[in-house]
Every structure is written in structure tokens, then in C-alpha cells.
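Undergrad: Compact mmCIF, C-alpha atoms, saved as entry.txt, coming up:
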# COMPACT_ATOMS: atom_id res chain seq x y z
CA MET A 1021 10.11 -39.75 11.44
CA ASP A 1022 7.76 -37.26 13.00
CA ILE A 1023 8.39 -34.12 14.91
CA ASP A 1024 8.86 -35.90 18.22
CA ASP A 1025 11.81 -37.81 16.90
CA ILE A 1026 13.32 -34.65 15.60
CA LEU A 1027 12.85 -32.91 18.89
CA ARG A 1028 14.25 -35.80 20.87
CA GLU A 1029 17.33 -35.73 18.73
CA VAL A 1030 17.90 -32.10 19.49
CA ASP A 1031 18.71 -33.08 23.05
CA PRO A 1032 21.88 -31.16 23.93
CA VAL A 1033 23.68 -34.44 24.70
CA SER A 1034 23.98 -35.42 21.07
CA TYR A 1035 26.21 -32.70 19.71
CA SER A 1036 27.51 -34.80 16.89
CA ILE A 1037 24.67 -33.52 14.71
CA PRO A 1038 25.87 -31.21 11.93
CA SER A 1039 25.04 -27.54 12.38
CA GLU A 1040 22.65 -27.55 9.41
CA THR A 1041 20.49 -30.17 11.08
CA ARG A 1042 20.66 -28.37 14.38
CA ASP A 1043 19.55 -25.15 12.72
CA LEU A 1044 16.59 -26.91 11.19
CA GLN A 1045 15.65 -28.29 14.57
CA ALA A 1046 16.04 -24.89 16.19
CA LEU A 1047 13.91 -23.38 13.46
CA THR A 1048 11.23 -26.02 13.92
CA ARG A 1049 11.16 -25.45 17.64
CA ALA A 1050 11.03 -21.68 17.28
CA TRP A 1051 8.18 -22.11 14.83
CA VAL A 1052 6.18 -24.42 17.11
CA ALA A 1053 6.78 -22.18 20.11
CA GLU A 1054 5.87 -19.00 18.29
CA ARG A 1055 2.66 -20.49 17.01
CA SER A 1056 1.52 -21.73 20.40
CA ALA A 1057 2.54 -18.86 22.66
CA PRO A 1058 -0.08 -16.13 23.09
CA GLU A 1059 2.54 -13.38 23.15
CA LEU A 1060 5.48 -12.55 20.94
CA LEU A 1061 8.63 -14.47 21.86
CA GLU A 1062 12.20 -13.24 21.60
CA TRP A 1063 13.68 -12.96 18.15
CA PRO A 1064 16.44 -15.61 18.09
CA ALA A 1065 19.70 -13.78 18.62
CA ASP A 1066 22.19 -16.34 17.36
CA GLY A 1067 21.79 -15.41 13.71
CA ILE A 1068 19.94 -18.58 12.76
CA PHE A 1069 17.82 -16.73 10.24
CA GLU A 1070 20.83 -15.30 8.50
CA ARG A 1071 22.24 -18.81 8.18
CA VAL A 1072 18.96 -20.32 7.02
CA ASN A 1073 18.51 -17.52 4.50
CA GLU A 1074 22.00 -18.06 3.21
CA ARG A 1075 21.30 -21.76 2.69
CA ILE A 1076 18.00 -21.12 0.97
CA LYS A 1077 19.81 -18.82 -1.41
CA LYS A 1078 22.43 -21.46 -2.09
CA GLN A 1079 19.85 -24.13 -2.76
CA ILE A 1080 17.97 -21.89 -5.17
CA GLU A 1081 21.21 -21.32 -7.08
CA LYS A 1082 21.92 -25.02 -7.07
CA ILE A 1083 18.48 -25.76 -8.46
CA GLU A 1084 19.01 -23.21 -11.19
CA ASP A 1085 22.29 -24.87 -12.09
CA MET A 1086 20.78 -28.32 -12.16
CA THR A 1087 17.66 -27.44 -14.13
CA GLY A 1088 19.41 -27.50 -17.49
CA ASP A 1089 20.52 -31.07 -16.96
CA MET A 1090 18.29 -33.69 -18.53
CA ASP A 1091 19.87 -36.69 -16.82
CA PRO A 1092 17.09 -38.58 -14.95
CA LYS A 1093 19.33 -38.95 -11.89
CA THR A 1094 19.79 -35.22 -11.58
CA ASN A 1095 16.11 -34.78 -12.15
CA PHE A 1096 15.29 -36.97 -9.21
CA ALA A 1097 17.76 -35.15 -7.00
CA LEU A 1098 16.25 -31.92 -8.19
CA ILE A 1099 12.81 -32.91 -6.99
CA VAL A 1100 14.14 -33.89 -3.58
CA ILE A 1101 16.01 -30.62 -3.21
CA GLN A 1102 13.07 -28.56 -4.38
CA THR A 1103 10.71 -30.30 -2.00
CA GLU A 1104 13.07 -29.70 0.88
CA LEU A 1105 13.48 -26.10 -0.18
CA GLU A 1106 9.71 -25.58 -0.24
CA ARG A 1107 9.48 -26.98 3.27
CA PHE A 1108 12.21 -24.70 4.53
CA LYS A 1109 10.55 -21.72 2.96
CA PHE A 1110 7.27 -22.70 4.51
CA LEU A 1111 8.80 -22.91 8.00
CA VAL A 1112 10.38 -19.50 7.75
CA ARG A 1113 7.31 -17.95 6.17
CA SER A 1114 4.91 -19.41 8.68
CA TYR A 1115 7.17 -18.35 11.54
CA LEU A 1116 7.48 -14.78 10.31
CA ARG A 1117 3.78 -14.52 9.59
CA ALA A 1118 2.88 -15.77 13.06
CA ARG A 1119 5.07 -13.02 14.49
CA ILE A 1120 3.71 -10.31 12.23
CA ALA A 1121 0.17 -11.29 13.16
CA LYS A 1122 0.96 -10.85 16.84
CA ILE A 1123 2.79 -7.59 16.25
CA ASP A 1124 -0.08 -6.18 14.19
CA LYS A 1125 -2.59 -7.13 16.82
CA HIS A 1126 -0.87 -5.40 19.73
CA THR A 1127 1.47 -2.96 18.03
CA LEU A 1128 1.40 -0.28 20.70
CA HIS A 1129 1.92 -2.84 23.43
CA TYR A 1130 5.11 -4.17 21.87
CA LEU A 1131 6.36 -0.68 21.15
CA SER A 1132 5.54 0.61 24.61
CA ASN A 1133 8.76 -0.25 26.45
CA PRO A 1134 12.38 -1.19 25.67
CA THR A 1135 12.11 -4.75 27.01
CA LEU A 1136 9.23 -5.55 24.72
CA ARG A 1137 10.83 -3.74 21.81
CA ALA A 1138 13.91 -5.90 22.21
CA ARG A 1139 11.86 -8.95 21.28
CA LEU A 1140 11.42 -7.67 17.75
CA SER A 1141 13.99 -8.01 15.03
CA PRO A 1142 15.22 -4.72 13.54
CA THR A 1143 13.06 -5.18 10.44
CA GLU A 1144 10.03 -6.07 12.52
CA LEU A 1145 10.62 -3.01 14.64
CA ALA A 1146 10.78 -0.82 11.57
CA TYR A 1147 7.63 -2.43 10.24
CA ALA A 1148 5.73 -2.05 13.52
CA THR A 1149 6.73 1.58 13.97
CA ARG A 1150 5.76 2.48 10.45
CA HIS A 1151 2.53 0.53 10.61
CA GLN A 1152 1.51 2.29 13.81
CA ALA A 1153 2.35 5.64 12.27
CA LEU A 1154 0.22 4.81 9.24
CA LEU A 1155 -2.71 3.80 11.42
CA HIS A 1156 -2.43 6.89 13.57
CA ASN A 1157 -2.32 9.07 10.48
CA HIS A 1158 -5.32 7.29 9.10
CA TYR A 1159 -7.31 7.88 12.30
CA LEU A 1160 -6.19 11.49 12.37
CA SER A 1161 -7.23 12.23 8.83
CA SER A 1162 -10.49 10.28 9.15
CA PHE A 1163 -11.84 11.74 12.37
CA LEU A 1164 -9.35 12.21 15.16
CA SER A 1165 -8.02 15.58 14.01
CA SER A 1166 -11.41 17.21 14.55
CA PHE A 1167 -11.56 15.91 18.12
CA PRO A 1168 -10.78 18.16 21.07
CA PRO A 1169 -7.01 17.97 21.70
CA GLN A 1170 -7.27 16.18 25.05
CA LEU A 1171 -9.11 13.32 23.35
CA GLN A 1172 -6.68 12.78 20.50
CA ASN A 1173 -4.33 10.38 22.25
CA LEU A 1174 -4.19 6.71 21.42
CA ASN A 1175 -2.48 5.64 24.62
CA ASP A 1176 -4.66 7.08 27.37
CA THR A 1177 -4.89 5.15 30.58
CA ALA A 1178 -7.46 7.36 32.30
CA GLY A 1179 -10.26 5.77 34.26
CA ASN A 1180 -8.26 2.59 34.81
CA ILE A 1181 -8.83 1.51 31.24
CA SER A 1182 -5.71 1.46 29.16
CA MET A 1183 -6.21 2.09 25.47
CA ILE A 1184 -3.26 -0.16 24.78
CA ASP A 1185 -4.54 -3.65 24.33
CA SER A 1186 -2.15 -6.39 25.37
CA PRO A 1187 -2.12 -10.13 24.74
CA ASP A 1188 -3.90 -12.43 27.17
CA LEU A 1189 -1.12 -14.25 28.98
CA ASP A 1190 -3.55 -16.56 30.73
CA THR A 1191 -4.46 -18.60 27.68
CA ALA A 1192 -3.58 -22.27 27.82
CA VAL A 1193 -0.54 -23.80 26.17
CA PHE A 1194 0.86 -27.31 25.91
CA ILE A 1195 4.35 -27.81 27.22
CA ARG A 1196 6.70 -30.75 27.14
CA LEU A 1197 9.04 -31.11 30.12
CA LEU A 1198 12.67 -31.48 29.18
CA ARG A 1199 13.75 -32.43 32.68
CA ASP A 1200 12.07 -33.41 35.92
CA ALA A 1201 10.60 -30.38 37.57
CA LEU A 1202 7.92 -29.25 39.94
CA VAL A 1203 5.29 -27.56 37.83
CA GLU A 1204 3.07 -25.00 39.51
CA GLY A 1205 0.04 -23.69 37.74
CA ARG A 1206 -2.55 -21.10 38.62
CA GLY A 1207 -6.16 -22.11 38.21
CA THR A 1208 -9.50 -20.33 38.32
CA ASP A 1209 -10.61 -21.74 41.66
CA SER A 1210 -7.41 -23.10 43.10
CA ASP A 1211 -3.78 -23.47 42.16
CA GLY A 1212 -2.13 -26.79 41.52
CA ALA A 1213 1.33 -28.29 41.50
CA ILE A 1214 2.63 -31.60 40.24
CA ASP A 1215 5.94 -33.38 40.10
CA GLY A 1216 6.60 -33.58 36.40
CA LYS A 1217 8.95 -36.07 34.76
CA ALA A 1218 10.99 -35.28 31.67
CA GLY A 1219 8.91 -35.94 28.58
CA ASP A 1220 5.58 -35.27 30.29
CA ILE A 1221 3.16 -33.16 28.33
CA LEU A 1222 1.10 -30.70 30.35
CA ILE A 1223 -1.50 -28.09 29.63
CA LEU A 1224 -1.47 -24.94 31.71
CA ARG A 1225 -1.65 -21.19 31.51
CA TRP A 1226 1.12 -19.49 29.59
CA SER A 1227 1.64 -17.13 32.52
CA SER A 1228 2.51 -20.14 34.71
CA ALA A 1229 4.52 -21.96 32.05
CA LYS A 1230 6.57 -19.00 30.91
CA SER A 1231 9.35 -19.10 33.49
CA LEU A 1232 9.79 -22.83 33.04
CA VAL A 1233 10.03 -22.49 29.27
CA GLU A 1234 12.44 -19.58 29.49
CA SER A 1235 14.74 -21.44 31.87
CA GLY A 1236 14.90 -24.33 29.42
CA GLY A 1237 13.07 -26.76 31.71
CA ALA A 1238 10.27 -27.20 29.23
CA GLU A 1239 9.36 -26.37 25.67
CA LEU A 1240 6.14 -25.43 23.97
CA ALA A 1241 4.55 -28.31 22.16
CA MET B 44 -29.61 9.90 22.56
CA TYR B 45 -25.90 10.13 23.23
CA GLY B 46 -23.97 7.38 21.60
CA ASP B 47 -26.74 6.09 19.33
CA LEU B 48 -24.74 6.87 16.24
CA GLY B 49 -21.62 5.36 17.70
CA ASN B 50 -23.56 2.19 18.25
CA LYS B 51 -24.57 2.17 14.60
CA LEU B 52 -20.92 2.30 13.61
CA VAL B 53 -20.15 -0.65 15.85
CA GLN B 54 -22.96 -2.59 14.23
CA HIS B 55 -21.51 -1.79 10.83
CA ALA B 56 -18.11 -2.94 12.01
CA LYS B 57 -19.55 -6.14 13.40
CA ARG B 58 -21.27 -6.85 10.12
CA THR B 59 -18.12 -6.08 8.17
CA GLN B 60 -16.23 -8.79 10.07
CA ASN B 61 -18.34 -11.52 8.53
CA LEU B 62 -18.44 -10.18 5.00
CA ALA B 63 -16.15 -11.23 2.21
CA HIS B 64 -16.09 -7.76 0.72
CA LEU B 65 -15.84 -4.33 2.26
CA PRO B 66 -19.15 -2.46 2.53
CA PRO B 67 -19.21 1.28 1.71
CA TYR B 68 -17.57 3.65 4.15
CA GLN B 69 -20.15 5.33 6.37
CA ALA B 70 -18.84 8.85 5.92
CA GLU B 71 -22.14 10.40 7.05
CA ILE B 72 -22.22 8.59 10.40
CA VAL B 73 -18.52 9.12 11.03
CA ARG B 74 -19.02 12.85 10.50
CA ALA B 75 -22.09 12.90 12.75
CA VAL B 76 -20.34 11.07 15.59
CA THR B 77 -17.36 13.40 15.32
CA ARG B 78 -19.75 16.36 15.44
CA GLU B 79 -21.42 14.90 18.53
CA VAL B 80 -18.04 14.72 20.25
CA ARG B 81 -17.30 18.33 19.41
CA ASP B 82 -20.71 19.47 20.63
CA LEU B 83 -20.31 17.57 23.86
CA ASP B 84 -16.90 19.09 24.37
CA LYS B 85 -18.36 22.54 23.82
CA ASP B 86 -21.06 21.78 26.39
CA VAL B 87 -18.45 20.71 28.90
CA THR B 88 -16.46 23.89 28.35
CA GLU B 89 -19.57 26.04 28.75
CA LEU B 90 -20.62 24.19 31.88
CA LEU B 91 -17.24 24.66 33.45
CA GLU B 92 -16.84 28.28 32.43
CA PRO B 93 -18.62 29.96 35.38
CA PHE B 94 -16.47 27.98 37.84
CA GLN B 95 -13.17 29.43 36.58
CA GLY B 96 -11.31 26.16 37.12
CA SER B 97 -12.38 25.75 40.74
CA PHE B 98 -15.19 23.26 40.22
CA ASP B 99 -16.06 21.18 43.27
CA PRO B 100 -18.00 18.03 42.28
CA SER B 101 -19.48 17.46 45.75
CA ALA B 102 -20.90 20.98 45.92
CA ASP B 103 -22.80 20.71 42.65
CA GLN B 104 -23.62 17.10 42.03
CA ALA B 105 -26.03 17.71 39.16
CA THR B 106 -23.39 19.48 37.12
CA ALA B 107 -20.82 16.88 38.08
CA CYS B 108 -23.10 14.15 36.78
CA THR B 109 -23.69 15.98 33.50
CA LEU B 110 -19.98 16.40 33.06
CA LEU B 111 -19.35 12.75 33.73
CA VAL B 112 -22.00 11.59 31.28
CA ASN B 113 -20.72 13.96 28.62
CA HIS B 114 -17.19 12.87 29.20
CA LEU B 115 -18.00 9.18 29.05
CA SER B 116 -20.08 9.68 25.91
CA MET B 117 -17.17 11.37 24.20
CA ARG B 118 -14.80 8.59 25.12
CA ARG B 119 -17.29 5.99 24.03
CA ASN B 120 -17.77 7.69 20.68
CA LYS B 121 -14.05 7.76 20.22
CA ARG B 122 -13.85 4.07 20.94
CA CYS B 123 -16.61 3.32 18.47
CA LEU B 124 -14.86 5.33 15.79
CA LEU B 125 -11.56 3.63 16.46
CA ALA B 126 -13.16 0.21 16.40
CA TYR B 127 -14.96 0.96 13.15
CA HIS B 128 -11.86 2.19 11.41
CA ARG B 129 -9.64 -0.54 12.77
CA THR B 130 -12.03 -3.24 11.60
CA ARG B 131 -11.93 -1.80 8.13
CA THR B 132 -8.17 -1.34 8.01
CA ASP B 133 -7.71 -4.92 9.26
CA LYS B 134 -9.84 -6.08 6.40
CA LEU B 135 -7.94 -3.96 3.93
CA GLU B 136 -4.61 -5.21 5.23
CA GLU B 137 -5.80 -8.77 4.85
CA MET B 138 -6.62 -8.02 1.23
CA VAL B 139 -3.21 -6.49 0.66
CA TRP B 140 -1.58 -9.59 2.14
CA ASN B 141 -3.67 -11.83 -0.09
CA GLY B 142 -2.55 -9.90 -3.12
CA VAL B 143 -6.03 -8.62 -3.88
CA ASP B 144 -5.91 -5.48 -5.93
CA VAL B 145 -7.98 -3.52 -3.43
CA LEU B 146 -8.20 -0.30 -5.34
CA ASP B 147 -9.44 -1.88 -8.51
CA LEU B 148 -11.14 -5.14 -7.74
CA CYS B 149 -12.80 -5.63 -11.09
CA GLY B 150 -10.25 -4.81 -13.77
CA GLN B 151 -7.49 -6.82 -12.22
CA GLN B 152 -4.24 -7.17 -14.04
CA VAL B 153 -2.74 -10.57 -14.26
CA ARG B 154 0.77 -10.93 -13.08
CA ALA B 155 1.91 -14.41 -13.68
CA GLY B 156 4.17 -16.18 -11.23
CA ASP B 157 4.35 -13.04 -9.22
CA SER B 158 7.05 -13.26 -6.62
CA GLY B 159 8.31 -9.70 -6.49
CA GLY B 160 6.04 -7.65 -4.23
CA GLY B 161 7.21 -4.44 -5.81
CA ALA B 162 5.79 -5.30 -9.19
CA SER B 163 2.27 -6.04 -8.00
CA HIS B 164 2.16 -2.90 -5.91
CA ALA B 165 3.29 -0.80 -8.80
CA GLY B 166 0.30 -2.28 -10.59
CA THR B 167 -1.95 -1.32 -7.71
CA ARG B 168 -0.86 2.23 -7.94
CA MET B 169 -1.36 2.52 -11.66
CA SER B 170 -4.78 0.96 -11.83
CA SER B 171 -6.15 3.14 -9.07
CA VAL B 172 -5.99 6.15 -11.29
CA ASP B 173 -8.99 5.12 -13.33
CA GLY B 174 -10.58 2.53 -11.03
CA ALA B 175 -13.18 4.42 -9.02
CA THR B 176 -14.10 2.50 -5.88
CA SER B 177 -16.94 3.92 -3.89
CA SER B 178 -16.64 1.65 -0.87
CA LEU B 179 -13.39 3.18 0.36
CA SER B 180 -13.01 6.61 1.85
CA PRO B 181 -10.23 8.72 0.30
CA GLN B 182 -8.27 8.25 3.54
CA GLU B 183 -8.60 4.49 3.30
CA ASP B 184 -7.49 4.66 -0.28
CA GLU B 185 -4.36 6.41 0.84
CA TYR B 186 -3.90 3.97 3.70
CA VAL B 187 -4.04 0.94 1.42
CA ARG B 188 -1.47 2.50 -0.86
CA GLN B 189 0.90 3.22 2.01
CA TYR B 190 0.39 -0.13 3.64
CA GLY B 191 1.09 -1.81 0.33
CA ASP B 192 4.39 0.02 0.16
CA LEU B 193 5.20 -0.91 3.74
CA LEU B 194 4.45 -4.56 3.14
CA ALA B 195 6.50 -4.54 -0.05
CA ALA B 196 9.40 -3.07 1.90
CA TYR B 197 9.12 -5.68 4.62
CA LYS B 198 8.79 -8.49 2.09
CA GLY B 199 11.84 -7.14 0.34
CA GLN B 200 13.92 -8.27 3.31
CA TRP B 201 12.86 -11.83 2.65
CA THR B 202 12.88 -12.06 -1.12
CA ASP B 203 13.56 -15.79 -1.29
CA ILE B 204 10.75 -16.82 0.99
CA ASP B 205 7.78 -14.95 -0.50
CA LEU B 206 6.06 -13.95 2.71
CA THR B 207 2.66 -13.68 1.12
CA GLY B 208 2.83 -17.25 -0.10
CA SER B 209 0.63 -20.06 1.08
CA LEU B 210 0.45 -20.84 4.78
CA GLU B 211 -0.53 -24.42 4.09
CA PRO B 212 2.35 -26.78 4.70
CA PRO B 213 3.67 -27.94 1.31
CA ARG B 214 2.95 -31.59 0.52
CA ASP B 215 3.70 -32.01 -3.14
CA LEU B 216 6.03 -30.12 -5.33
CA PHE B 217 3.72 -30.49 -8.28
CA ILE B 218 -0.03 -30.16 -8.22
CA ASP B 219 -2.95 -30.49 -10.60
CA VAL B 220 -4.76 -27.26 -11.27
CA ARG B 221 -7.79 -26.34 -13.30
CA VAL B 222 -7.99 -22.94 -14.91
CA LEU B 223 -11.14 -21.05 -13.88
CA LYS B 224 -10.44 -17.82 -15.70
CA ASP B 225 -8.15 -17.05 -18.60
CA ALA B 226 -4.89 -16.00 -17.06
CA GLY B 227 -2.63 -15.59 -20.06
CA GLU B 228 0.82 -17.04 -20.37
CA ILE B 229 3.09 -17.76 -17.45
CA GLN B 230 6.79 -18.54 -17.44
CA THR B 231 8.03 -21.53 -15.51
CA GLU B 232 11.43 -23.16 -15.51
CA TYR B 233 9.98 -25.87 -17.74
CA GLY B 234 8.89 -23.37 -20.34
CA ALA B 235 5.86 -21.18 -20.94
CA ILE B 236 2.31 -22.37 -20.26
CA THR B 237 -0.78 -20.67 -21.63
CA LEU B 238 -3.57 -20.81 -19.08
CA THR B 239 -6.86 -20.92 -20.93
CA LYS B 240 -10.17 -21.43 -19.21
CA ASN B 241 -11.20 -25.02 -18.37
CA SER B 242 -7.84 -26.52 -19.20
CA GLN B 243 -5.94 -28.60 -16.68
CA PHE B 244 -2.24 -28.60 -15.84
CA TYR B 245 0.28 -30.40 -13.73
CA VAL B 246 2.52 -27.60 -12.51
CA ARG B 247 4.91 -26.67 -9.77
CA GLN B 248 2.97 -25.26 -6.85
CA GLY B 249 5.39 -22.41 -6.27
CA ASP B 250 4.82 -21.14 -9.80
CA VAL B 251 1.06 -20.78 -9.53
CA GLU B 252 0.44 -20.07 -5.85
CA ARG B 253 -0.39 -16.46 -6.49
CA LEU B 254 -2.84 -17.33 -9.25
CA ILE B 255 -4.63 -19.78 -6.97
CA ALA B 256 -4.94 -17.12 -4.28
CA GLN B 257 -6.36 -14.70 -6.81
CA GLY B 258 -8.91 -17.22 -8.00
CA TYR B 259 -7.61 -17.86 -11.49
CA LEU B 260 -6.73 -21.44 -10.79
CA GLN B 261 -8.26 -24.12 -8.67
CA LYS B 262 -6.16 -26.75 -6.97
CA LEU B 263 -7.39 -30.28 -7.64
CA GLY B 264 -7.15 -33.38 -5.52
Written as C-alpha cells, that's how I'd like the structure from this file.
TA:
Amino acid sequence: MDIDDILREVDPVSYSIPSETRDLQALTRAWVAERSAPELLEWPADGIFERVNERIKKQIEKIEDMTGDMDPKTNFALIVIQTELERFKFLVRSYLRARIAKIDKHTLHYLSNPTLRARLSPTELAYATRHQALLHNHYLSSFLSSFPPQLQNLNDTAGNISMIDSPDLDTAVFIRLLRDALVEGRGTDSDGAIDGKAGDILILRWSSAKSLVESGGAELA
Amino acid sequence: MYGDLGNKLVQHAKRTQNLAHLPPYQAEIVRAVTREVRDLDKDVTELLEPFQGSFDPSADQATACTLLVNHLSMRRNKRCLLAYHRTRTDKLEEMVWNGVDVLDLCGQQVRAGDSGGGASHAGTRMSSVDGATSSLSPQEDEYVRQYGDLLAAYKGQWTDIDLTGSLEPPRDLFIDVRVLKDAGEIQTEYGAITLTKNSQFYVRQGDVERLIAQGYLQKLG
């Protein structure tokens, strides 16, 4: 079974899947999306990470309980559980690291207004704020404090050049259509539009794909 | 020429990007560029003084041009300084993430099976007392220390996942490793292993990940 099978199964029609499996699928999708999107996506609000964390904790305890047992059957089960656990940990770790990398790269951008700030989880927000403060302090103590006061800012927008760097929303992403839809994309020379069928995989600019992905008509692949 | 020194800093930064280690901090140039900015600012103030705040650029184009050049040079110098420092802090942060003991690269302490971020950062702090590193400025030294604390705090929210762990998807639970440097004894759930140079072990990946990252062990196969 590869990722496509997993993703097909997550189709909202089949709600007979247990919530654990659905959480894993949601996590996998969030991870794929976060890694392909050029900008930071919303922190999932439905508490999936709390649940996943809870389960990881439980599995670790279970492994600890089972370790003492020398029965070969338990040993085999142990290896399966540990392997699964490692995979879960990897997903969460990779997801969080992808987010941190984006936050570190454009800290001031994500802190600049409430809408963008809302995309961060509370811990990420605390991290970003503190990290920015550390950097600013570092600049100040290294050279900025001996600058003339009007040049000490880090968020000037004078001369039509903003000091706040923001992610390039025009980079290309792959999307998979989840339902038939008209897909419009902006190009360098001309714009294009095609009638997409569910399951089609397209490559286009994130700025064009964003609304489709957010409305649930497509997902990042 | 205006900006020559700033350019030198950018060249240093560019070079730093491709180096594995961090070259010495260019305190001299940083000071000189900062001085240039202050001198330029003084010039601007002196130039503007006779006009008492009622300077009309179209009436005195020569002065206007001087002001513009001075102003742009100052902003450019600032940008160069920011770029130089950011490149270096990025590099330092990367080292902190990788668990490299930045402040004392040579006399590194071995912390076997390190999963608690707090412990390794406590080590960082202690060893920096005697480990004199010339390539960091005192400010950078401080920055690394604070960033280490910040990262430890953020990691603390995700104790079970080990955020600084490998970003390679896990394939096998157990791996073959060869010991490149004596690393002392580590505790695993299957008992203690003494890692002596040139020996080979079949161990759980999660137990030795940190040691691989630090270059004590090499993954085989």
C-alpha cells in the first residue's frame, strides 16, 4: 500500500474508518502539504497533535511494559509496534521541522499581522517571538546600537523596499484534484484554464492553487 | 569608496555559506562599516544644518544628490551588516540543531543516547567556561547560548518525538553501525554497550541517532 491508497481511503465517504486511522491520514496529508507549500499553512485546529501525542506516549509505555517479556511472540509484536512508533515520530518531527524552517526564514513576516500569527501554534508563536527578540538583540549588541536612531529599525519599508522578507507565493506546487473543477492558473506570458477531473494531478503556482486547496477542491501532492 | 567594506562583509558571508565550519568573526570590518555609517550620518546632518529643516531638493540639486548617495550608502551598509550577521547566526543555529557543541568544538563531551535537550545544553554551558573559541564574537557566543535555551524549551514541548532527531524516514528499527571514535558506554533497553573504536554493532537506531549525527558512529549498509 502506498500513499495514494491511503489518501484515496481518506475520502470523506468512507467514515467507517476508526479515528486512529483517520488521524494518521490527516497527519500524513498535513505533512505532505506543509512540505510542498511555499508558505506556512494553518496549524490544525482540531487537536490532532494532542491526540497523536497522547497515543505516542501510550505506545512508549506499552513498549516499556513489554520489554521485560522474553516470549518470542511478544518480541515480534514489540518490533512491529516500535517500527510503527518510529514512523509516527518521524511524521510529527518532519512536520514540525518543516514548519519551524519556514517560521525561522520569515519570522517577521509571520509575526507582522494577526491573520498570519493565527497560523502558528501557541508554542510556535512563543518560539518565533523569542527567536526574533534574540536576533534583534544580537544585531543591536553587534552593530545596530551604534547606528543613528533612524536607521535602527528592522521593519522599514522606505523607498518601496520592505525589510520584511516574505515567502514567494508564485513557486510551483503539485496538486491533486479531489473533485471536478475548473482550474485557472496564472502564467508568465499568458494565463491558462483547464477543466480538471477528480484525481487529476496538476502543477501550477501556489498563488493560483491556494484557493482551490483551501476550499477542499484539491490537495497538495 | 563608499560601501567597499560592506562588500567585503558580503563576500565573507557568501564564503561562509559553503564552508563546513564557521570562519573567524570579522570584528575589524564590522567596526569599520559601522564607523562609516556614523560618519555618513554626521555628514548628512552637517549638510542639512544651514537649511534649518527647509531644504528644497530642486533648488540645490548637488546637495540633494550628495544626500541621496550618503543615505543609500548607509542603508546599503546596514543591509550588508545584517546579511553578514544573519548568515552566521543561521549557521550557528544549524549547529545547535545538529547537537554540535558550538562553544567547544574540540573537547566535546559524550552524552550517550541523548534524548533530553536540557542535558546537552547544560553541557554546552559548562564547557564554554574553559573552551576559548576565537571564531565567534562575544555577542555570537551569547546568542548561541540563548538560542540553545530557546530550542531546549521548544523541544521540551515535544519530549517524546525528539525534534532534533533524524529527518530521514525510518526504514529499519535496527541498524549496523561502526564505531569511528571511542564513545564510552551507552545504555539501551537491551543492556549496556561499550562503544570502542573499530567495533561493529547491531543496535536500535533510536538509541544511537545522536552519536551518528555527532560523528562517533557510522551507519553501515
Undergrad: Quick one: pull the distance between atom CA of Phe244 of chain B and atom CA of Arg221 of chain B, Å, one decimal.
TA: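 Going from atom CA of Phe244 of chain B over to atom CA of Arg221 of chain B, I get 6.5 Å.
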Undergrad: Tell me which protein, DNA and RNA residues are within 8 Å of segment 85-91 of chain B, counting only C-alpha atoms, leaving out same-chain ones fewer than 6 positions away, and put them as a list in words.
TA: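 Once the adjacent positions are removed, what remains is Phe98, Thr106, Leu110, Asn113 and His114 of chain B.
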Undergrad: What residues in chain A lie within 7 Å of chain B, counting all atoms listed in the file, written as a PyMOL selection string?
TA: chain A and resi 1077+1103+1106-1107+1109-1110+1113-1114+1147+1154+1158+1161-1163+1167-1168
Undergrad: Name the closest residue to Ser178 of chain B among the candidates B:Gln69, B:Leu62, B:Thr130, B:His55; distances are taken between atoms, counting all atoms listed in the file.
TA: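 Going through B:Gln69, B:Leu62, B:Thr130, B:His55 one by one, the smallest distance to Ser178 of chain B is for B:Gln69.
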Undergrad: List the neighbours of Arg1075 of chain A out to 10 Å using all atoms listed in the file; skip same-chain residues closer than 5 positions along the sequence, and give me the result as a list in words.
TA: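 My reading of the contact set: Glu1040, Phe1069, Glu1070, Ile1080, Glu1081, Leu1105 and Phe1108 of chain A.
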Undergrad: Could you work out how far atom CA of Asn1133 of chain A lies from atom CA of Arg188 of chain B, giving the answer in Å with one decimal?
TA: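 Separation of atom CA of Arg188 of chain B and atom CA of Asn1133 of chain A: 29.3 Å.
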Undergrad: Hey, which of B:Ala105, B:Leu135, B:Leu238, B:Asp47 ends up closest to Arg119 of chain B? Count only C-alpha atoms.
TA: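 Result for the nearest residue to Arg119 of chain B: B:Asp47.
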Undergrad: Please indicate the distance in Å from atom CA of Leu1197 of chain A to atom CA of Glu1062 of chain A, rounded to one decimal place.
TA: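 We find that atom CA of Leu1197 of chain A and atom CA of Glu1062 of chain A lie 20.0 Å from each other.
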Undergrad: Point out the residue among A:Thr1191, A:Ser1210, A:Asn1175, A:Thr1048 with the least atom-to-atom distance to Ser1228 of chain A, counting all atoms listed in the file.
TA: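 Looking at the shortest contact to Ser1228 of chain A, the residue is A:Thr1191.
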Undergrad: Point out the residue among B:Ala195, B:Leu179, B:Gln261, B:Asn120 with the least atom-to-atom distance to Gly142 of chain B, counting all atoms listed in the file.
TA: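 Counting all atoms listed in the file, the residue closest to Gly142 of chain B is B:Ala195.
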Undergrad: Just give me the residues with any atom within 7 Å of (-0.4, -17.7, -19.7), file coordinates, counting all atoms listed in the file, written as a ChimeraX atom specification.
TA: /B:226-229,236-238
Undergrad: Step by step: start from the point (4.5, -9.3, 27.3) in the file's coordinates, keep every protein, DNA or RNA residue that has an atom no farther than 12 Å from it, count only C-alpha atoms, and write the set as a ChimeraX atom specification.
TA: /A:1057-1062,1122-1123,1126-1140,1185-1190,1226-1227,1230
Undergrad: First collect every listed atom of segment 87-91 of chain B; then fit an axis-aligned box around them, widen it by 8 Å on each side, and give centre and edge lengths in Å to one decimal, as lines of an AutoDock Vina configuration file.
TA:
center_x = -18.5
center_y = 23.4
center_z = 30.9
size_x = 20.2
size_y = 21.3
size_z = 21.1
